[in-house]
$ cat final39.txt   # compact mmCIF, C-alpha atoms
# COMPACT_ATOMS: atom_id res chain seq x y z
CA MET A 1 0.00 0.00 0.00
CA SER A 2 1.43 3.36 -1.00
CA GLY A 3 0.75 6.63 0.80
CA TYR A 4 -2.07 8.99 -0.03
CA SER A 5 -1.91 10.69 -3.42
CA HIS A 6 -4.96 12.96 -3.46
CA ILE A 7 -6.66 14.42 -0.38
CA LEU A 8 -10.06 16.08 -0.63
CA LEU A 9 -10.88 18.55 2.14
CA ALA A 10 -14.57 19.24 2.73
CA VAL A 11 -14.92 22.92 3.69
CA ASP A 12 -18.07 24.07 5.46
CA PHE A 13 -16.97 27.62 6.43
CA SER A 14 -17.83 26.90 10.08
CA ASP A 15 -15.76 28.25 12.97
CA ASN A 16 -13.85 24.97 12.89
CA ALA A 17 -13.04 24.94 9.19
CA ASP A 18 -9.53 26.29 9.83
CA ALA A 19 -8.65 23.55 12.34
CA VAL A 20 -9.85 20.83 9.97
CA ALA A 21 -7.92 22.44 7.11
CA GLN A 22 -4.71 22.54 9.17
CA ARG A 23 -4.97 18.79 9.64
CA ALA A 24 -5.48 18.26 5.90
CA LEU A 25 -2.44 20.45 5.19
CA GLN A 26 -0.34 18.42 7.64
CA LEU A 27 -1.33 15.18 5.94
CA GLY A 28 -0.76 16.68 2.49
CA ALA A 29 2.74 17.68 3.59
CA ALA A 30 3.44 14.34 5.29
CA PHE A 31 2.54 12.42 2.12
CA SER A 32 3.71 15.12 -0.36
CA CYS A 33 0.40 14.78 -2.12
CA ARG A 34 -2.24 16.78 -3.95
CA LEU A 35 -4.89 18.57 -1.88
CA SER A 36 -8.22 19.73 -3.32
CA LEU A 37 -11.10 21.59 -1.68
CA VAL A 38 -14.81 21.03 -1.98
CA HIS A 39 -17.71 23.08 -0.70
CA VAL A 40 -21.27 21.97 -1.26
CA VAL A 41 -24.05 24.53 -1.44
CA GLU A 42 -26.98 22.57 -0.09
CA PHE A 43 -30.13 24.19 -1.32
CA VAL A 44 -33.03 22.67 -3.12
CA GLN A 45 -35.38 24.32 -5.54
CA VAL A 46 -38.83 23.31 -4.46
CA ASP A 47 -41.23 23.60 -7.34
CA LEU A 48 -44.51 22.74 -5.69
CA SER A 49 -46.55 23.73 -8.69
CA ASN A 50 -44.48 21.43 -10.88
CA GLU A 51 -44.28 24.28 -13.36
CA LEU A 52 -41.25 25.84 -14.97
CA VAL A 53 -38.54 27.26 -12.70
CA LEU A 54 -38.65 31.06 -12.72
CA PRO A 55 -35.62 32.88 -14.16
CA GLN A 56 -35.19 34.75 -10.84
CA GLU A 57 -34.70 31.43 -9.02
CA LEU A 58 -32.02 30.33 -11.44
CA GLU A 59 -30.27 33.66 -10.97
CA LEU A 60 -30.36 33.29 -7.20
CA ASP A 61 -28.81 29.82 -7.48
CA GLN A 62 -26.02 31.16 -9.67
CA GLU A 63 -25.44 34.04 -7.28
CA LEU A 64 -25.14 31.69 -4.28
CA LEU A 65 -22.69 29.49 -6.15
CA LYS A 66 -20.56 32.47 -7.19
CA THR A 67 -20.48 33.79 -3.63
CA ALA A 68 -19.38 30.36 -2.37
CA GLN A 69 -16.67 30.19 -5.04
CA ARG A 70 -15.26 33.55 -3.96
CA ARG A 71 -15.38 32.49 -0.32
CA LEU A 72 -13.54 29.25 -1.07
CA GLN A 73 -10.88 31.14 -3.03
CA THR A 74 -10.31 33.44 -0.05
CA PHE A 75 -10.18 30.42 2.26
CA ALA A 76 -7.60 28.68 0.04
CA ALA A 77 -5.50 31.86 -0.20
CA LYS A 78 -5.46 32.17 3.59
CA LEU A 79 -4.16 28.59 3.79
CA GLY A 80 -1.52 29.39 1.18
CA ILE A 81 -2.91 26.91 -1.34
CA GLU A 82 -4.67 29.24 -3.77
CA ASP A 83 -3.49 27.13 -6.71
CA CYS A 84 -5.22 23.95 -5.55
CA GLN A 85 -8.28 22.56 -7.32
CA GLN A 86 -11.51 23.92 -5.82
CA PHE A 87 -14.92 22.40 -6.32
CA VAL A 88 -18.04 24.37 -5.49
CA VAL A 89 -21.09 22.32 -6.26
CA GLN A 90 -24.78 22.31 -5.53
CA GLY A 91 -26.72 19.37 -4.12
CA SER A 92 -26.56 16.82 -1.31
CA THR A 93 -23.34 17.28 0.71
CA ARG A 94 -22.74 13.56 1.07
CA ARG A 95 -23.53 12.65 -2.53
CA GLU A 96 -21.45 15.46 -4.03
CA ILE A 97 -18.39 14.84 -1.85
CA LEU A 98 -18.45 11.13 -2.69
CA ARG A 99 -19.01 11.84 -6.41
CA ILE A 100 -16.04 14.21 -6.59
CA ALA A 101 -13.89 11.78 -4.59
CA GLU A 102 -14.77 9.01 -7.03
CA GLU A 103 -14.34 11.06 -10.21
CA HIS A 104 -11.02 12.62 -9.20
CA GLY A 105 -9.15 9.64 -7.78
CA VAL A 106 -9.29 10.91 -4.20
CA ASP A 107 -7.91 8.42 -1.67
CA LEU A 108 -8.59 10.39 1.51
CA ILE A 109 -11.51 12.64 2.38
CA VAL A 110 -10.93 14.97 5.35
CA VAL A 111 -14.02 16.25 7.10
CA GLY A 112 -14.82 17.89 10.44
CA SER A 113 -16.60 15.83 13.08
CA HIS A 114 -18.57 17.05 16.06
CA GLY A 115 -18.51 13.69 17.84
CA ARG A 116 -22.28 13.72 18.06
CA GLN A 117 -24.07 10.98 19.93
CA GLY A 118 -27.56 9.61 20.26
CA ILE A 119 -30.39 11.73 18.99
CA GLN A 120 -28.05 14.35 17.54
CA LEU A 121 -26.92 11.78 14.98
CA LEU A 122 -30.36 11.74 13.48
CA LEU A 123 -30.04 15.45 12.84
CA GLY A 124 -27.27 14.63 10.46
CA SER A 125 -23.51 14.93 10.60
CA THR A 126 -21.39 15.29 7.51
CA SER A 127 -18.61 13.04 8.76
CA ASN A 128 -21.10 10.32 9.51
CA ALA A 129 -22.82 10.67 6.14
CA VAL A 130 -19.57 10.73 4.17
CA LEU A 131 -18.34 7.61 5.90
CA HIS A 132 -21.23 5.64 4.47
CA GLY A 133 -20.44 4.41 1.01
CA ALA A 134 -17.17 6.34 0.73
CA PRO A 135 -14.96 4.89 -2.02
CA CYS A 136 -11.83 5.73 -0.02
CA ASP A 137 -10.47 6.47 3.47
CA VAL A 138 -12.20 9.13 5.54
CA LEU A 139 -10.51 11.17 8.25
CA ALA A 140 -12.97 12.70 10.70
CA VAL A 141 -11.19 15.59 12.42
CA ARG A 142 -12.64 16.14 15.86
CA VAL A 143 -13.68 19.73 16.38
CA LYS A 144 -15.08 21.46 19.44
CA ASP A 145 -18.86 21.67 19.55
CA MET B 1 -1.86 22.37 15.61
CA SER B 2 0.93 19.86 15.95
CA GLY B 3 1.03 16.46 14.24
CA TYR B 4 -0.32 13.27 15.77
CA SER B 5 1.52 11.97 18.82
CA HIS B 6 -0.28 8.72 19.67
CA ILE B 7 -2.17 6.55 17.19
CA LEU B 8 -4.45 3.75 18.38
CA LEU B 9 -5.10 1.00 15.85
CA ALA B 10 -8.23 -1.08 16.38
CA VAL B 11 -7.45 -4.67 15.35
CA ASP B 12 -10.34 -7.02 14.58
CA PHE B 13 -8.32 -9.94 13.10
CA SER B 14 -10.48 -9.83 9.95
CA ASP B 15 -9.05 -10.49 6.47
CA ASN B 16 -8.61 -6.73 6.16
CA ALA B 17 -6.76 -6.17 9.42
CA ASP B 18 -3.39 -6.14 7.63
CA ALA B 19 -4.42 -3.43 5.16
CA VAL B 20 -5.76 -1.22 7.95
CA ALA B 21 -2.58 -1.80 9.97
CA GLN B 22 -0.39 -0.81 7.01
CA ARG B 23 -2.17 2.53 6.89
CA ALA B 24 -1.66 3.06 10.61
CA LEU B 25 2.05 2.21 10.20
CA GLN B 26 2.36 4.74 7.38
CA LEU B 27 0.81 7.46 9.49
CA GLY B 28 2.94 6.51 12.48
CA ALA B 29 6.05 6.83 10.29
CA ALA B 30 4.85 10.08 8.68
CA PHE B 31 4.33 11.71 12.08
CA SER B 32 7.13 9.81 13.89
CA CYS B 33 4.67 8.99 16.62
CA ARG B 34 3.68 6.26 19.04
CA LEU B 35 1.41 3.46 17.80
CA SER B 36 -0.62 1.23 20.12
CA LEU B 37 -2.95 -1.66 19.34
CA VAL B 38 -6.30 -2.53 20.81
CA HIS B 39 -8.46 -5.60 20.38
CA VAL B 40 -11.82 -5.88 22.07
CA VAL B 41 -13.24 -9.28 22.95
CA GLU B 42 -16.94 -8.68 22.69
CA PHE B 43 -18.69 -11.33 24.69
CA VAL B 44 -21.30 -11.03 27.36
CA GLN B 45 -21.95 -13.35 30.23
CA VAL B 46 -25.67 -13.92 30.24
CA ASP B 47 -26.83 -15.05 33.64
CA LEU B 48 -30.50 -15.69 33.02
CA SER B 49 -31.00 -17.27 36.43
CA ASN B 50 -29.49 -14.21 38.11
CA GLU B 51 -27.46 -16.59 40.24
CA LEU B 52 -23.75 -16.70 40.82
CA VAL B 53 -21.47 -16.98 37.80
CA LEU B 54 -20.05 -20.49 37.61
CA PRO B 55 -16.27 -20.87 37.96
CA GLN B 56 -16.16 -22.56 34.54
CA GLU B 57 -17.57 -19.43 32.90
CA LEU B 58 -14.93 -17.22 34.48
CA GLU B 59 -12.26 -19.64 33.28
CA LEU B 60 -13.65 -19.51 29.74
CA ASP B 61 -13.53 -15.69 29.78
CA GLN B 62 -9.93 -15.73 30.92
CA GLU B 63 -9.05 -18.30 28.29
CA LEU B 64 -10.62 -16.18 25.51
CA LEU B 65 -8.72 -13.11 26.67
CA LYS B 66 -5.42 -15.00 26.82
CA THR B 67 -5.96 -16.39 23.32
CA ALA B 68 -6.68 -12.88 22.02
CA GLN B 69 -3.55 -11.54 23.73
CA ARG B 70 -1.38 -14.18 22.04
CA ARG B 71 -3.03 -13.46 18.70
CA LEU B 72 -2.40 -9.72 19.04
CA GLN B 73 1.25 -10.35 19.96
CA THR B 74 1.68 -12.43 16.80
CA PHE B 75 -0.07 -9.73 14.74
CA ALA B 76 2.24 -7.04 16.17
CA ALA B 77 5.33 -9.16 15.54
CA LYS B 78 4.28 -9.67 11.91
CA LEU B 79 4.04 -5.89 11.54
CA GLY B 80 7.46 -5.46 13.15
CA ILE B 81 6.08 -3.53 16.12
CA GLU B 82 6.19 -6.19 18.83
CA ASP B 83 7.34 -3.63 21.38
CA CYS B 84 4.27 -1.40 21.03
CA GLN B 85 1.65 -1.16 23.77
CA GLN B 86 -1.13 -3.72 23.27
CA PHE B 87 -4.53 -3.58 24.90
CA VAL B 88 -6.77 -6.64 24.97
CA VAL B 89 -9.98 -5.83 26.76
CA GLN B 90 -13.43 -7.24 27.18
CA GLY B 91 -16.67 -5.33 26.64
CA SER B 92 -18.35 -3.11 24.09
CA THR B 93 -15.99 -2.44 21.17
CA ARG B 94 -16.98 1.20 20.86
CA ARG B 95 -16.90 1.97 24.56
CA GLU B 96 -13.57 0.25 25.18
CA ILE B 97 -11.80 1.84 22.19
CA LEU B 98 -12.99 5.29 23.25
CA ARG B 99 -12.05 4.66 26.88
CA ILE B 100 -8.52 3.60 25.99
CA ALA B 101 -8.17 6.55 23.60
CA GLU B 102 -9.21 8.91 26.36
CA GLU B 103 -7.09 7.36 29.11
CA HIS B 104 -3.92 7.12 27.03
CA GLY B 105 -3.87 10.50 25.28
CA VAL B 106 -4.59 9.05 21.85
CA ASP B 107 -5.12 11.72 19.18
CA LEU B 108 -5.95 9.44 16.24
CA ILE B 109 -7.94 6.20 16.19
CA VAL B 110 -7.48 4.08 13.05
CA VAL B 111 -10.23 1.60 12.26
CA GLY B 112 -11.35 -0.41 9.23
CA SER B 113 -14.49 0.66 7.42
CA HIS B 114 -16.67 -1.41 5.13
CA GLY B 115 -18.44 1.58 3.61
CA ARG B 116 -21.76 0.12 4.58
CA GLN B 117 -24.95 1.84 3.53
CA GLY B 118 -28.62 1.74 4.40
CA ILE B 119 -29.88 -1.23 6.31
CA GLN B 120 -26.39 -2.66 6.83
CA LEU B 121 -25.62 0.32 9.05
CA LEU B 122 -28.16 -0.86 11.53
CA LEU B 123 -26.25 -4.10 11.84
CA GLY B 124 -23.43 -2.08 13.28
CA SER B 125 -20.10 -0.97 11.97
CA THR B 126 -17.14 -0.29 14.23
CA SER B 127 -15.96 2.76 12.31
CA ASN B 128 -19.39 4.28 12.53
CA ALA B 129 -19.70 3.52 16.24
CA VAL B 130 -16.23 4.81 17.11
CA LEU B 131 -16.88 8.07 15.28
CA HIS B 132 -19.71 8.88 17.66
CA GLY B 133 -18.40 10.51 20.76
CA ALA B 134 -14.73 10.00 19.91
CA PRO B 135 -12.50 12.34 21.92
CA CYS B 136 -10.06 12.63 18.99
CA ASP B 137 -9.68 12.24 15.23
CA VAL B 138 -10.83 8.99 13.63
CA LEU B 139 -9.44 7.57 10.39
CA ALA B 140 -11.76 5.08 8.75
CA VAL B 141 -9.67 2.97 6.38
CA ARG B 142 -11.79 1.71 3.53
CA VAL B 143 -11.50 -2.04 3.13
CA LYS B 144 -13.02 -4.41 0.59
CA ASP B 145 -16.29 -6.02 1.61

$ encode --input "final39.txt" --output "structure tokens"
Amino acid sequence: MSGYSHILLAVDFSDNADAVAQRALQLGAAFSCRLSLVHVVEFVQVDLSNELVLPQELELDQELLKTAQRRLQTFAAKLGIEDCQQFVVQGSTRREILRIAEEHGVDLIVVGSHGRQGIQLLLGSTSNAVLHGAPCDVLAVRVKD
Amino acid sequence: MSGYSHILLAVDFSDNADAVAQRALQLGAAFSCRLSLVHVVEFVQVDLSNELVLPQELELDQELLKTAQRRLQTFAAKLGIEDCQQFVVQGSTRREILRIAEEHGVDLIVVGSHGRQGIQLLLGSTSNAVLHGAPCDVLAVRVKD
């Protein structure tokens, strides 16, 4: 088994995003490997009327994605890795992270973990979700709640 | 944030235990840190009669623990880390791994993950269980089902 070759860091822009990123940077340095960033914009267009999506809604989506892209660029620059590949996608956080990992030969996903227990698990945790069905290793970096 | 200082590898003696161990060894080398092993013997003495536990049962427990200790020593020797600290304990896998991590200043738990989804999750997966309430980072090493 060789070391890691491509690490994918899931960025959620939370207060803990920096701590999780530092761990990903450490691993990237330890294995001299590629590090990419992904941020998933999780919003869903609900079209209750089942009619055509209004142009304003599409514009709002595009605006949210562009804002997230700029934010991720700033985040990467602060980490000193502005040249790394950055994915900003829309959809289910779990599904999109796993899709990008699969399509881009990622062998380690790094994600923050709140160490939730019991009922809180049902409310959803990204680390937990990503672990299920991941095509590669997953590092859950423990962050303070 | 400094690198990892104490990695705890959960050994289950499955066909994939070697692959998971190789990853833990790589990380231990990358961070020049301490690596310990833990194996949990998960058996429960059911005393339906609520009477005293028979001496034979206690002997069986001790025998199972001793067998597991020998097996873990052989496993460690095969990996070339026979001098590392080895914990063989009895109880709930999740609870014991987390307890040892907490008591021994572990900052990374390495555990195999089968990438289970849906209904299989309910049948229990160690990686999933350990993630919940872990006091430190958890690396789930993806193994073949």

$ interface_residues --input "final39.txt" --of "chain B" --to "chain A" --cutoff "8 Å" --atoms "only C-alpha atoms" --output "list in words"
Met1, Gly3, Ala19, Gln22, Arg23, Gln26, Ala30, Phe31, Gly115, Arg116, Gln117, Asn128, Leu131, His132, Gly133, Ala134, Pro135, Cys136, Asp137, Val138, Leu139, Ala140, Val141 and Arg142 of chain B

$ axis_aligned_box --input "final39.txt" --around "segment 61-64 of chain B" --padding-each-side "3 Å" --output "lines of an AutoDock Vina configuration file"
center_x = -11.3
center_y = -17.0
center_z = 28.2
size_x = 10.5
size_y = 8.6
size_z = 11.4

$ atom_distance --input "final39.txt" --atom1 "atom CA of Glu42 of chain A" --atom2 "atom CA of Arg94 of chain A"
10.0 Å

$ residues_around --input "final39.txt" --residues "Ala68 of chain B" --least-positions-apart "6" --cutoff "9 Å" --atoms "all atoms listed in the file" --output "ChimeraX atom specification"
/B:39-41,88

$ atom_distance --input "final39.txt" --atom1 "atom CA of Ser92 of chain B" --atom2 "atom CA of Thr126 of chain B"
10.3 Å

$ atom_distance --input "final39.txt" --atom1 "atom CA of Leu9 of chain B" --atom2 "atom CA of Leu37 of chain B"
4.9 Å

$ residues_around --input "final39.txt" --residues "Gln73 of chain A" --least-positions-apart "6" --cutoff "12 Å" --atoms "all atoms listed in the file" --output "ChimeraX atom specification"
/A:11,13,36-39,66-67,79-88
